[in-house]
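Trainee: PDB, C-alpha atoms and all ligand atoms, saved as entry_25.pdb, coming up:
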```pdb
ATOM      1  CA  MET E 488       7.621 -36.735 -36.740
ATOM      2  CA  SER E 489      10.089 -34.348 -38.354
ATOM      3  CA  SER E 490       9.882 -30.671 -37.531
ATOM      4  CA  SER E 491       8.970 -29.904 -41.140
ATOM      5  CA  SER E 492       5.794 -31.987 -40.811
ATOM      6  CA  THR E 493       4.749 -30.366 -37.483
ATOM      7  CA  PRO E 494       1.612 -28.317 -38.122
ATOM      8  CA  THR E 495       2.078 -24.602 -37.542
ATOM      9  CA  PRO E 496      -0.043 -23.531 -34.519
ATOM     10  CA  THR E 497      -3.037 -21.513 -35.582
ATOM     11  CA  PRO E 498      -3.310 -17.996 -34.095
ATOM     12  CA  SER E 499      -6.355 -19.081 -32.072
ATOM     13  CA  LEU E 500      -4.119 -21.428 -30.018
ATOM     14  CA  THR E 501      -1.505 -18.850 -29.103
ATOM     15  CA  PRO E 502      -3.374 -16.894 -26.357
ATOM     16  CA  THR E 503      -3.031 -19.814 -23.932
ATOM     17  CA  LEU E 504       0.738 -19.714 -24.494
ATOM     18  CA  THR E 505       1.217 -15.944 -24.466
ATOM     19  CA  PRO E 506       0.374 -14.264 -21.176
ATOM     20  CA  SER E 507      -1.651 -11.088 -21.642
ATOM     21  CA  LEU E 508      -0.516  -9.586 -18.331
ATOM     22  CA  THR E 509       1.867  -6.885 -19.505
ATOM     23  CA  PRO E 510       4.453  -5.985 -16.891
ATOM     24  CA  LEU E 511       5.109  -2.336 -16.116
ATOM     25  CA  ALA E 512       8.759  -1.330 -16.069
ATOM     26  CA  CYS E 513       8.338   2.342 -15.175
ATOM     27  CA  GLY E 514       7.829   3.448 -11.572
ATOM     28  CA  ALA E 515       5.823   6.548 -12.566
ATOM     29  CA  GLU E 516       3.398   4.412 -14.584
ATOM     30  CA  LEU E 517       3.006   2.012 -11.685
ATOM     31  CA  ARG E 518       2.245   4.892  -9.300
ATOM     32  CA  LYS E 519      -0.302   6.280 -11.795
ATOM     33  CA  ALA E 520      -2.085   2.924 -12.032
ATOM     34  CA  CYS E 521      -2.182   2.567  -8.217
ATOM     35  CA  ASP E 522      -3.367   6.191  -7.756
ATOM     36  CA  ALA E 523      -6.172   5.578 -10.266
ATOM     37  CA  ALA E 524      -7.188   2.380  -8.472
ATOM     38  CA  ARG E 525      -7.358   4.227  -5.131
ATOM     39  CA  ARG E 526      -9.449   6.998  -6.707
ATOM     40  CA  ARG E 527     -11.886   4.301  -7.854
ATOM     41  CA  GLY E 528     -12.131   3.237  -4.202
ATOM     42  CA  GLU E 529     -10.039   0.092  -4.591
ATOM     43  CA  ARG E 530      -7.867  -1.272  -1.767
ATOM     44  CA  VAL E 531      -4.316  -1.854  -2.982
ATOM     45  CA  GLY E 532      -2.516  -5.046  -1.942
ATOM     46  CA  PHE E 533       1.145  -5.707  -2.675
ATOM     47  CA  VAL E 534       3.406  -8.757  -2.926
ATOM     48  CA  PRO E 535       7.094  -8.013  -3.538
ATOM     49  CA  THR E 536       9.102 -10.889  -5.058
ATOM     50  CA  MET E 537      12.328 -11.613  -6.908
ATOM     51  CA  GLY E 538      10.493 -13.794  -9.443
ATOM     52  CA  ALA E 539      11.105 -17.450 -10.375
ATOM     53  CA  LEU E 540       7.683 -17.826  -8.819
ATOM     54  CA  HIS E 541       6.570 -21.006  -7.080
ATOM     55  CA  ALA E 542       3.522 -22.049  -5.069
ATOM     56  CA  GLY E 543       4.829 -20.181  -2.002
ATOM     57  CA  HIS E 544       4.741 -16.873  -3.880
ATOM     58  CA  LEU E 545       1.322 -17.693  -5.330
ATOM     59  CA  ALA E 546      -0.073 -18.305  -1.821
ATOM     60  CA  LEU E 547       0.972 -14.744  -0.916
ATOM     61  CA  VAL E 548      -0.754 -13.400  -4.029
ATOM     62  CA  ARG E 549      -3.972 -15.307  -3.228
ATOM     63  CA  GLU E 550      -3.883 -13.915   0.312
ATOM     64  CA  ALA E 551      -3.367 -10.381  -1.038
ATOM     65  CA  LYS E 552      -6.392 -10.906  -3.308
ATOM     66  CA  THR E 553      -8.550 -11.642  -0.249
ATOM     67  CA  ARG E 554      -7.378  -8.400   1.373
ATOM     68  CA  GLY E 555      -7.304  -6.000  -1.555
ATOM     69  CA  SER E 556      -9.120  -5.586  -4.859
ATOM     70  CA  PHE E 557      -6.129  -4.155  -6.773
ATOM     71  CA  VAL E 558      -3.136  -6.452  -6.259
ATOM     72  CA  VAL E 559       0.327  -5.523  -7.444
ATOM     73  CA  VAL E 560       3.157  -8.063  -7.686
ATOM     74  CA  SER E 561       6.700  -6.820  -8.165
ATOM     75  CA  ILE E 562       9.357  -8.991  -9.765
ATOM     76  CA  PHE E 563      12.767  -7.510  -9.159
ATOM     77  CA  VAL E 564      16.051  -9.228  -8.381
ATOM     78  CA  ASN E 565      17.316  -6.500  -6.089
ATOM     79  CA  PRO E 566      21.071  -6.027  -6.507
ATOM     80  CA  THR E 567      21.613  -4.198  -3.204
ATOM     81  CA  GLN E 568      20.597  -7.205  -1.112
ATOM     82  CA  PHE E 569      23.269  -9.426  -2.662
ATOM     83  CA  GLY E 570      26.847  -9.375  -1.398
ATOM     84  CA  PRO E 571      29.817  -9.247  -3.801
ATOM     85  CA  ASN E 572      30.325 -13.035  -3.699
ATOM     86  CA  GLU E 573      26.657 -14.013  -3.821
ATOM     87  CA  ASP E 574      24.461 -15.340  -6.620
ATOM     88  CA  LEU E 575      23.019 -12.104  -8.115
ATOM     89  CA  THR E 576      23.949 -12.942 -11.708
ATOM     90  CA  LEU E 577      22.983 -16.620 -11.366
ATOM     91  CA  TYR E 578      19.666 -15.965  -9.599
ATOM     92  CA  PRO E 579      16.900 -17.694 -11.654
ATOM     93  CA  ARG E 580      14.900 -15.335 -13.873
ATOM     94  CA  ASP E 581      11.918 -16.348 -16.022
ATOM     95  CA  LEU E 582       9.519 -13.451 -16.524
ATOM     96  CA  ALA E 583       7.360 -15.209 -19.148
ATOM     97  CA  SER E 584       6.668 -18.167 -16.888
ATOM     98  CA  ASP E 585       6.091 -15.852 -13.881
ATOM     99  CA  LEU E 586       3.471 -13.911 -15.847
ATOM    100  CA  ALA E 587       1.786 -17.145 -16.931
ATOM    101  CA  ARG E 588       1.535 -18.187 -13.274
ATOM    102  CA  LEU E 589       0.158 -14.828 -12.155
ATOM    103  CA  GLU E 590      -2.332 -14.492 -15.007
ATOM    104  CA  PRO E 591      -5.022 -16.856 -13.611
ATOM    105  CA  LEU E 592      -4.841 -15.260 -10.140
ATOM    106  CA  GLY E 593      -6.392 -11.981 -11.242
ATOM    107  CA  VAL E 594      -3.401  -9.810 -10.451
ATOM    108  CA  SER E 595      -4.035  -6.177 -11.442
ATOM    109  CA  ALA E 596      -0.463  -5.115 -12.184
ATOM    110  CA  VAL E 597       3.000  -6.634 -12.373
ATOM    111  CA  PHE E 598       5.976  -4.349 -11.867
ATOM    112  CA  ALA E 599       9.201  -5.692 -13.367
ATOM    113  CA  PRO E 600      11.677  -2.803 -13.464
ATOM    114  CA  GLN E 601      15.310  -2.738 -14.504
ATOM    115  CA  PRO E 602      17.791  -1.936 -11.703
ATOM    116  CA  ALA E 603      18.377   1.595 -13.072
ATOM    117  CA  GLU E 604      14.658   2.372 -12.571
ATOM    118  CA  ILE E 605      14.894   1.598  -8.852
ATOM    119  CA  TYR E 606      18.440   2.851  -8.291
ATOM    120  CA  GLU E 607      18.498   6.033 -10.401
ATOM    121  CA  ALA E 608      21.792   7.718 -11.081
ATOM    122  CA  GLY E 609      22.739   9.785  -8.040
ATOM    123  CA  GLU E 610      20.390   8.051  -5.587
ATOM    124  CA  ASP E 611      22.152   7.844  -2.256
ATOM    125  CA  THR E 612      19.805   6.652   0.483
ATOM    126  CA  ARG E 613      19.704   3.375   2.374
ATOM    127  CA  VAL E 614      17.197   2.255   4.989
ATOM    128  CA  HIS E 615      18.892   0.681   7.977
ATOM    129  CA  VAL E 616      16.891  -1.368  10.477
ATOM    130  CA  GLY E 617      18.611  -1.980  13.818
ATOM    131  CA  ARG E 618      18.692  -4.870  16.265
ATOM    132  CA  VAL E 619      16.317  -7.275  14.577
ATOM    133  CA  ALA E 620      18.456  -7.161  11.414
ATOM    134  CA  GLU E 621      21.721  -7.928  13.237
ATOM    135  CA  PRO E 622      21.832 -11.666  14.084
ATOM    136  CA  LEU E 623      21.317 -14.739  11.844
ATOM    137  CA  CYS E 624      21.420 -13.724   8.149
ATOM    138  CA  GLY E 625      22.297 -10.146   9.161
ATOM    139  CA  SER E 626      25.622 -11.235  10.636
ATOM    140  CA  ILE E 627      26.464 -13.553   7.731
ATOM    141  CA  ARG E 628      25.204 -11.453   4.809
ATOM    142  CA  ARG E 629      26.527  -8.002   5.710
ATOM    143  CA  GLY E 630      24.336  -5.219   4.306
ATOM    144  CA  HIS E 631      21.678  -7.683   3.111
ATOM    145  CA  PHE E 632      18.851  -6.267   5.202
ATOM    146  CA  ASP E 633      19.769  -2.666   4.353
ATOM    147  CA  GLY E 634      19.239  -3.697   0.721
ATOM    148  CA  VAL E 635      15.964  -5.449   1.538
ATOM    149  CA  ALA E 636      14.574  -2.584   3.649
ATOM    150  CA  THR E 637      15.624  -0.011   1.059
ATOM    151  CA  VAL E 638      14.013  -1.739  -1.908
ATOM    152  CA  VAL E 639      10.832  -2.529   0.013
ATOM    153  CA  ALA E 640      10.584   1.100   1.174
ATOM    154  CA  LYS E 641      11.025   2.305  -2.426
ATOM    155  CA  LEU E 642       8.411  -0.158  -3.680
ATOM    156  CA  PHE E 643       6.008   0.781  -0.870
ATOM    157  CA  ASN E 644       6.334   4.422  -1.937
ATOM    158  CA  LEU E 645       5.604   3.626  -5.587
ATOM    159  CA  VAL E 646       2.675   1.303  -4.876
ATOM    160  CA  GLY E 647       1.180   2.911  -1.752
ATOM    161  CA  PRO E 648      -0.421  -0.355  -0.629
ATOM    162  CA  SER E 649      -2.863  -0.691   2.247
ATOM    163  CA  VAL E 650      -1.636  -4.245   2.810
ATOM    164  CA  ALA E 651       1.581  -6.084   1.894
ATOM    165  CA  VAL E 652       2.058  -9.845   2.179
ATOM    166  CA  PHE E 653       5.343 -11.591   3.022
ATOM    167  CA  GLY E 654       6.374 -15.189   3.753
ATOM    168  CA  GLN E 655       7.530 -16.523   7.114
ATOM    169  CA  LYS E 656      10.027 -18.615   5.151
ATOM    170  CA  ASP E 657      12.150 -15.428   5.303
ATOM    171  CA  TYR E 658      11.253 -14.949   8.957
ATOM    172  CA  GLN E 659      13.923 -12.381   9.796
ATOM    173  CA  GLN E 660      13.047 -10.394   6.677
ATOM    174  CA  LEU E 661       9.411 -10.287   7.811
ATOM    175  CA  LEU E 662      10.464  -8.922  11.216
ATOM    176  CA  VAL E 663      12.746  -6.353   9.548
ATOM    177  CA  ILE E 664       9.898  -5.135   7.311
ATOM    178  CA  ARG E 665       7.455  -4.998  10.219
ATOM    179  CA  ARG E 666       9.979  -2.958  12.260
ATOM    180  CA  MET E 667      10.632  -0.596   9.346
ATOM    181  CA  ALA E 668       6.925  -0.093   8.615
ATOM    182  CA  ARG E 669       6.191   0.606  12.289
ATOM    183  CA  ASP E 670       9.168   2.927  12.803
ATOM    184  CA  LEU E 671       8.547   4.949   9.621
ATOM    185  CA  PHE E 672       4.782   5.212  10.286
ATOM    186  CA  ALA E 673       4.020   3.445   6.996
ATOM    187  CA  PRO E 674       0.224   3.115   6.866
ATOM    188  CA  ILE E 675       0.527  -0.459   5.646
ATOM    189  CA  GLU E 676      -0.730  -3.678   7.206
ATOM    190  CA  ILE E 677       2.092  -6.215   7.045
ATOM    191  CA  VAL E 678       0.807  -9.787   6.764
ATOM    192  CA  GLY E 679       3.043 -12.853   7.262
ATOM    193  CA  LEU E 680       2.046 -16.235   5.815
ATOM    194  CA  PRO E 681       3.272 -19.728   6.772
ATOM    195  CA  THR E 682       5.944 -21.400   4.663
ATOM    196  CA  VAL E 683       4.643 -23.412   1.727
ATOM    197  CA  ARG E 684       6.464 -26.738   1.402
ATOM    198  CA  GLU E 685       6.937 -29.475  -1.168
ATOM    199  CA  PRO E 686       4.927 -32.627  -0.352
ATOM    200  CA  ASP E 687       7.957 -34.163   1.418
ATOM    201  CA  GLY E 688       8.534 -31.092   3.575
ATOM    202  CA  LEU E 689      11.268 -29.135   1.757
ATOM    203  CA  ALA E 690      10.518 -25.417   1.950
ATOM    204  CA  MET E 691       9.780 -24.039  -1.510
ATOM    205  CA  SER E 692      12.441 -21.633  -2.692
ATOM    206  CA  SER E 693      13.488 -20.200  -6.045
ATOM    207  CA  ARG E 694      16.985 -21.440  -5.206
ATOM    208  CA  ASN E 695      15.795 -25.073  -5.073
ATOM    209  CA  ALA E 696      16.160 -24.989  -8.871
ATOM    210  CA  PHE E 697      19.944 -25.011  -8.334
ATOM    211  CA  LEU E 698      19.863 -28.367  -6.500
ATOM    212  CA  SER E 699      20.964 -31.504  -8.354
ATOM    213  CA  PRO E 700      18.763 -34.579  -7.752
ATOM    214  CA  ASP E 701      21.248 -35.807  -5.135
ATOM    215  CA  GLU E 702      21.377 -32.398  -3.425
ATOM    216  CA  ARG E 703      17.576 -32.219  -3.557
ATOM    217  CA  SER E 704      17.303 -35.377  -1.462
ATOM    218  CA  ARG E 705      20.084 -34.209   0.893
ATOM    219  CA  ALA E 706      18.285 -30.866   1.325
ATOM    220  CA  LEU E 707      15.472 -32.659   3.117
ATOM    221  CA  ALA E 708      17.813 -32.874   6.116
ATOM    222  CA  VAL E 709      16.919 -29.242   6.876
ATOM    223  CA  ALA E 710      13.234 -30.125   7.316
ATOM    224  CA  ARG E 711      14.316 -33.265   9.192
ATOM    225  CA  GLY E 712      16.471 -31.306  11.659
ATOM    226  CA  LEU E 713      13.758 -28.710  12.278
ATOM    227  CA  SER E 714      11.177 -31.470  12.667
ATOM    228  CA  ARG E 715      13.230 -33.434  15.194
ATOM    229  CA  ALA E 716      13.701 -30.278  17.250
ATOM    230  CA  ALA E 717       9.974 -29.481  17.003
ATOM    231  CA  VAL E 718       9.150 -32.995  18.216
ATOM    232  CA  ALA E 719      11.675 -32.677  21.072
ATOM    233  CA  PHE E 720      10.075 -29.350  22.030
ATOM    234  CA  ALA E 721       6.624 -30.974  21.970
ATOM    235  CA  SER E 722       8.004 -33.684  24.291
ATOM    236  CA  GLY E 723       9.060 -31.043  26.804
ATOM    237  CA  GLU E 724      12.659 -30.154  25.866
ATOM    238  CA  ARG E 725      13.196 -26.464  26.685
ATOM    239  CA  ARG E 726      16.994 -26.076  26.560
ATOM    240  CA  ALA E 727      17.898 -23.947  23.530
ATOM    241  CA  ARG E 728      21.354 -25.519  23.043
ATOM    242  CA  VAL E 729      19.886 -29.036  23.101
ATOM    243  CA  LEU E 730      17.220 -28.120  20.547
ATOM    244  CA  GLU E 731      19.875 -26.500  18.336
ATOM    245  CA  ALA E 732      22.070 -29.621  18.524
ATOM    246  CA  THR E 733      19.055 -31.802  17.701
ATOM    247  CA  ALA E 734      18.354 -29.739  14.566
ATOM    248  CA  ARG E 735      22.023 -29.625  13.564
ATOM    249  CA  GLU E 736      22.714 -33.325  13.740
ATOM    250  CA  PRO E 737      21.031 -34.519  10.497
ATOM    251  CA  ILE E 738      22.008 -31.326   8.648
ATOM    252  CA  GLU E 739      25.694 -31.670   9.558
ATOM    253  CA  ARG E 740      25.790 -35.045   7.851
ATOM    254  CA  VAL E 741      24.868 -33.655   4.408
ATOM    255  CA  ALA E 742      25.527 -29.892   4.342
ATOM    256  CA  SER E 743      28.730 -28.390   2.979
ATOM    257  CA  SER E 744      28.426 -25.725   5.689
ATOM    258  CA  ILE E 745      25.998 -24.465   8.323
ATOM    259  CA  ASP E 746      25.751 -20.701   8.838
ATOM    260  CA  TYR E 747      23.534 -21.109  11.871
ATOM    261  CA  ALA E 748      21.010 -23.351  13.593
ATOM    262  CA  ASP E 749      19.835 -20.972  16.302
ATOM    263  CA  VAL E 750      17.011 -20.711  18.774
ATOM    264  CA  ARG E 751      15.960 -17.076  19.242
ATOM    265  CA  ASP E 752      13.116 -15.068  20.727
ATOM    266  CA  ALA E 753      10.526 -15.154  17.915
ATOM    267  CA  ASP E 754       9.649 -11.454  18.244
ATOM    268  CA  THR E 755      13.013  -9.789  18.882
ATOM    269  CA  LEU E 756      15.499 -12.454  17.689
ATOM    270  CA  ALA E 757      17.377 -11.961  20.976
ATOM    271  CA  ALA E 758      19.447 -14.981  22.078
ATOM    272  CA  ILE E 759      17.743 -17.227  24.645
ATOM    273  CA  GLU E 760      18.950 -20.067  26.858
ATOM    274  CA  ASP E 761      15.710 -21.759  27.773
ATOM    275  CA  LEU E 762      12.278 -21.643  26.217
ATOM    276  CA  THR E 763      10.085 -21.210  29.234
ATOM    277  CA  GLY E 764       9.262 -17.603  28.273
ATOM    278  CA  PRO E 765       8.033 -16.110  25.001
ATOM    279  CA  ARG E 766       7.632 -17.869  21.652
ATOM    280  CA  ALA E 767      10.894 -19.178  20.224
ATOM    281  CA  LEU E 768      12.090 -19.394  16.645
ATOM    282  CA  LEU E 769      14.439 -22.126  15.457
ATOM    283  CA  ALA E 770      16.108 -20.885  12.274
ATOM    284  CA  VAL E 771      18.595 -22.672  10.022
ATOM    285  CA  ALA E 772      20.810 -21.479   7.173
ATOM    286  CA  CYS E 773      23.145 -23.889   5.439
ATOM    287  CA  ARG E 774      24.650 -24.805   2.108
ATOM    288  CA  ILE E 775      23.729 -27.989   0.301
ATOM    289  CA  GLY E 776      26.459 -28.195  -2.309
ATOM    290  CA  ALA E 777      26.814 -24.561  -3.389
ATOM    291  CA  THR E 778      23.178 -23.631  -2.751
ATOM    292  CA  ARG E 779      22.325 -21.645   0.351
ATOM    293  CA  LEU E 780      19.017 -22.643   1.913
ATOM    294  CA  ILE E 781      17.148 -21.149   4.864
ATOM    295  CA  ASP E 782      14.216 -22.519   6.823
ATOM    296  CA  ASN E 783      12.655 -22.162  10.260
ATOM    297  CA  VAL E 784       9.909 -23.189  12.658
ATOM    298  CA  VAL E 785       8.275 -21.319  15.487
ATOM    299  CA  LEU E 786       8.470 -23.952  18.221
ATOM    300  CA  GLY E 787       5.127 -24.964  19.669
ATOM    301  CA  VAL E 788       3.322 -23.119  16.854
ATOM    302  CA  ASP E 789       4.404 -24.601  13.507
ATOM    303  CA  ALA E 790       3.893 -28.290  12.720
ATOM    304  CA  PRO E 791       7.102 -30.298  12.144
ATOM    305  CA  PRO E 792       7.971 -29.581   8.484
ATOM    306  CA  LEU E 793       8.937 -33.142   7.561
ATOM    307  CA  ALA E 794       5.834 -34.713   6.025
ATOM    308  CA  ALA E 795       6.517 -38.037   7.801
ATOM    309  CA  LEU E 796       6.505 -36.338  11.241
ATOM    310  CA  ALA E 797       3.785 -33.764  10.664
ATOM    311  CA  GLY E 798       1.062 -36.150  11.893
TER     312      GLY E 798
HETATM  313  P1  LIG Z 801      11.632 -13.984  -2.907
HETATM  314  O1  LIG Z 801      11.135 -14.012  -4.304
HETATM  315  O2  LIG Z 801      12.431 -15.186  -2.527
HETATM  316  O3  LIG Z 801      12.273 -12.669  -2.536
HETATM  317  O4  LIG Z 801      10.338 -14.073  -1.992
HETATM  318  C1  LIG Z 801       9.269 -13.189  -2.143
HETATM  319  C2  LIG Z 801       8.290 -13.430  -1.028
HETATM  320  O5  LIG Z 801       7.853 -14.785  -1.079
HETATM  321  C3  LIG Z 801       8.907 -13.220   0.363
HETATM  322  O6  LIG Z 801       7.954 -12.591   1.205
HETATM  323  C4  LIG Z 801       9.192 -14.627   0.809
HETATM  324  O7  LIG Z 801       9.219 -14.790   2.209
HETATM  325  C5  LIG Z 801       8.010 -15.369   0.196
HETATM  326  N1  LIG Z 801       8.294 -16.801   0.067
HETATM  327  C6  LIG Z 801       9.393 -17.380  -0.482
HETATM  328  N2  LIG Z 801       9.328 -18.728  -0.369
HETATM  329  C7  LIG Z 801       8.164 -18.995   0.280
HETATM  330  C8  LIG Z 801       7.515 -20.191   0.710
HETATM  331  N3  LIG Z 801       8.058 -21.384   0.511
HETATM  332  N4  LIG Z 801       6.331 -20.088   1.357
HETATM  333  C9  LIG Z 801       5.766 -18.866   1.586
HETATM  334  N5  LIG Z 801       6.323 -17.700   1.198
HETATM  335  C10 LIG Z 801       7.497 -17.763   0.559
END
```
Could you express the structure from this file as structure tokens?
Ligand code: AMP
Mentor:
Amino acid sequence: MSSSSTPTPTPSLTPTLTPSLTPLACGAELRKACDAARRRGERVGFVPTMGALHAGHLALVREAKTRGSFVVVSIFVNPTQFGPNEDLTLYPRDLASDLARLEPLGVSAVFAPQPAEIYEAGEDTRVHVGRVAEPLCGSIRRGHFDGVATVVAKLFNLVGPSVAVFGQKDYQQLLVIRRMARDLFAPIEIVGLPTVREPDGLAMSSRNAFLSPDERSRALAVARGLSRAAVAFASGERRARVLEATAREPIERVASSIDYADVRDADTLAAIEDLTGPRALLAVACRIGATRLIDNVVLGVDAPPLAALAG
């Protein structure tokens, strides 16, 4: 059928295509809306994101809806958490599709500011979290967690949530935010949710959109490495270096580089030799082609990510 013979959609069809959730771009308006909600006795929940929303983000929003009646989602690709050679300009952005995904979840407000709204001319403050921000991504992406903590603190102050929901996919980020909230006496409950995965086990990530079909199948090695280590742990292996090598082996075969595959204390991220003590995190960051992926398991707690090994 030629385009000229395609019937023009009638106006009554358009509402399903055009999301009615109008994003706020102004911080003062957002604060006003949240203040009004609190005055009505509503409990404010908050989910900060960088957009390009997937089922992992939506799980956080659903959780926030069970904990608060007025849920705010922010969509902001935060420039200060990207290094000079990172993918700030390439980062996927699709506000229309994000709004369409949020619409059915009953979100009360979406905040999608421009960078100049968050980083006003003359602003000159950064939030620096200490030890827990130092290893892993903190040592590779210098300044990253200062950017994360700063933007989350700014957003917390605009929204004033009672509860904020984050993903364990960004495990170190969750610990950094918990530390910041505790240290700054933020009256906010910080909730962490398990990583949502594709059916085969790949952790959902906005950056997965960058993977070619071949890279997409190679990326499964991350879940495979974590799963093999989780199975080894379940079989009694407690040596950190052995578990790290077990995770590394399949990833090394397909990754262009590995930033880390480290076992750490799951609460402090301190280095550990053997896992006879507190809970241990196994965290991986690597590049598949040019795309940087991160993933993790808490050993003895999380199921092996690879669908075939999850049991
Ligand atoms: P981002 O948009 O990547 O900054 O992520 C926003 C929030 O979604 C963060 O709290 C992430 O940890 C969380 N998140 C990202 N991917 C997942 C996932 N696969 N499962 C659960 N939460 C996720």
Trainee: State, in Å with one decimal place, the distance from atom CA of Glu550 of chain E to atom CA of Phe697 of chain E.
Mentor: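 Taking atom CA of Glu550 of chain E and atom CA of Phe697 of chain E, their separation equals 27.7 Å.
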Trainee: Since I can't run it myself right now, could you work out what the PyMOL selection byres (((chain E and resi 748) around 8) and not hetatm) selects here and report it as an MDAnalysis selection string?
Mentor: chainID E and resid 731 734:735 745:747 749:750 769:772
Trainee: What residues of the protein or nucleic acid chains come within 10 Å of ligand LIG 801 (chain Z) when you use only C-alpha atoms and all ligand atoms? Reply as a PyMOL selection string.
Mentor: chain E and resi 534-548+560-565+635+651-661+664+678-685+689-694+781-782
Trainee: Tell me which protein, DNA and RNA residues are within 8 Å of Ala742 of chain E, counting all atoms listed in the file, leaving out same-chain ones fewer than 5 positions away, and put them as a compact mmCIF listing (two decimals) with C-alpha atoms, in the coordinates of the input.
Mentor:
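Output below, filename out_3.txt:
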```
# COMPACT_ATOMS: atom_id res chain seq x y z
CA ARG E 705 20.08 -34.21 0.89
CA ALA E 706 18.28 -30.87 1.32
CA CYS E 773 23.14 -23.89 5.44
CA ARG E 774 24.65 -24.80 2.11
CA ILE E 775 23.73 -27.99 0.30
CA GLY E 776 26.46 -28.20 -2.31
```
Trainee: Taking the file as shown, find all residues satisfying the PyMOL selection byres (((chain E and resi 752) around 7) and not hetatm) and write them as a list in words.
Mentor: Arg751, Ala753, Asp754, Thr755, Leu756, Ala757, Ala758, Ile759, Pro765, Arg766, Ala767 and Leu768 of chain E
Trainee: Kindly give the distance, in Å, that separates atom CA of Ala794 of chain E and atom CA of Ala716 of chain E, rounded to a single decimal.
Mentor: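 Going from atom CA of Ala794 of chain E over to atom CA of Ala716 of chain E covers 14.4 Å.
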Trainee: Pick from E:Thr553, E:Ser649, E:Ser595, E:Thr567: nearest to Thr509 of chain E, with all atoms listed in the file counted?
Mentor: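 Nearest candidate to Thr509 of chain E out of E:Thr553, E:Ser649, E:Ser595, E:Thr567: E:Ser595.
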Trainee: Enter the distance from atom CA of Arg618 of chain E to atom CA of Val663 of chain E, in Å, rounded to one decimal.
Mentor: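 Atom-to-atom, atom CA of Arg618 of chain E and atom CA of Val663 of chain E are spaced 9.1 Å apart.
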Trainee: Starting from the displayed file, determine the output of the PyMOL selection byres (((chain E and resi 554) around 8) and not hetatm) and express the residue list as a PyMOL selection string.
Mentor: chain E and resi 530+532+550-553+555-556+650
Trainee: Using all atoms listed in the file, can you tell me which of E:Ala721, E:Ala603, E:Leu762, E:Val729 comes closest to Gly787 of chain E?
Mentor: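 Closest to Gly787 of chain E of all the choices is E:Ala721.
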Trainee: Looking at E:Pro792, E:Gly609, E:Gly764, E:Gly647, which one is nearest to Leu713 of chain E, with distances taken over only C-alpha atoms?
Mentor: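 Checking each of E:Pro792, E:Gly609, E:Gly764, E:Gly647 against Leu713 of chain E, counting only C-alpha atoms, the winner is E:Pro792.
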Trainee: Please enclose the listed atoms of segment 700-714 of chain E in an axis-aligned box, pad each side by 8 Å, and write out the centre and the three edge lengths in Å, rounded to one decimal, as AutoDock Vina command-line options.
Mentor:
```
--center_x 16.3 --center_y -32.3 --center_z 2.5 --size_x 26.2 --size_y 23.1 --size_z 36.4
```
Trainee: Give me the residues near Ala520 of chain E as a list in words, where near means some atom within 10 Å (using only C-alpha atoms) and where sequence neighbours in that chain fewer than 6 positions away do not count.
Mentor: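 Skipping anything fewer than 6 positions along the chain leaves Leu511, Gly514, Arg526, Phe557, Val559, Ser595, Ala596 and Val646 of chain E.
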Trainee: Nearest to Pro600 of chain E: which of E:Ala515, E:Leu793, E:Ala636, E:Ala696 is it, counting only C-alpha atoms?
Mentor: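 Of the candidates, the smallest distance to Pro600 of chain E is held by E:Ala515.
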Trainee: Nearest residue to Val718 of chain E out of E:Pro686, E:Thr778, E:Cys624, E:Asp789, using only C-alpha atoms?
Mentor: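 Using only C-alpha atoms, Val718 of chain E sits closest to E:Asp789.
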Trainee: May I have the residues within 8 Å of Lys641 of chain E as a PyMOL selection string, using all atoms listed in the file and disregarding those fewer than 4 positions away in the same chain?
Mentor: chain E and resi 605+637+645
Trainee: Taking all atoms listed in the file into account, name the residue in E:Asp522, E:Thr733, E:Asp761, E:Pro566 that is nearest to Tyr606 of chain E.
Mentor: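 Closest to Tyr606 of chain E of all the choices is E:Pro566.
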Trainee: I need every residue sitting at most 10 Å from the point (30.7, -6.9, 0.1) (coordinates as in the file, only C-alpha atoms considered), written as JSON, numbers by chain.
Mentor: {"E": [569, 570, 571, 572, 573, 628, 629, 630, 631]}
Trainee: Just write the chosen residues, C-alpha atoms, as a PDB file, in the coordinates of the input.
Mentor:
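result_37.pdb, written as the output of this step:
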```pdb
ATOM      1  CA  PHE E 569      23.269  -9.426  -2.662  1.00  0.00           C
ATOM      2  CA  GLY E 570      26.847  -9.375  -1.398  1.00  0.00           C
ATOM      3  CA  PRO E 571      29.817  -9.247  -3.801  1.00  0.00           C
ATOM      4  CA  ASN E 572      30.325 -13.035  -3.699  1.00  0.00           C
ATOM      5  CA  GLU E 573      26.657 -14.013  -3.821  1.00  0.00           C
ATOM      6  CA  ARG E 628      25.204 -11.453   4.809  1.00  0.00           C
ATOM      7  CA  ARG E 629      26.527  -8.002   5.710  1.00  0.00           C
ATOM      8  CA  GLY E 630      24.336  -5.219   4.306  1.00  0.00           C
ATOM      9  CA  HIS E 631      21.678  -7.683   3.111  1.00  0.00           C
TER      10      HIS E 631
END
```
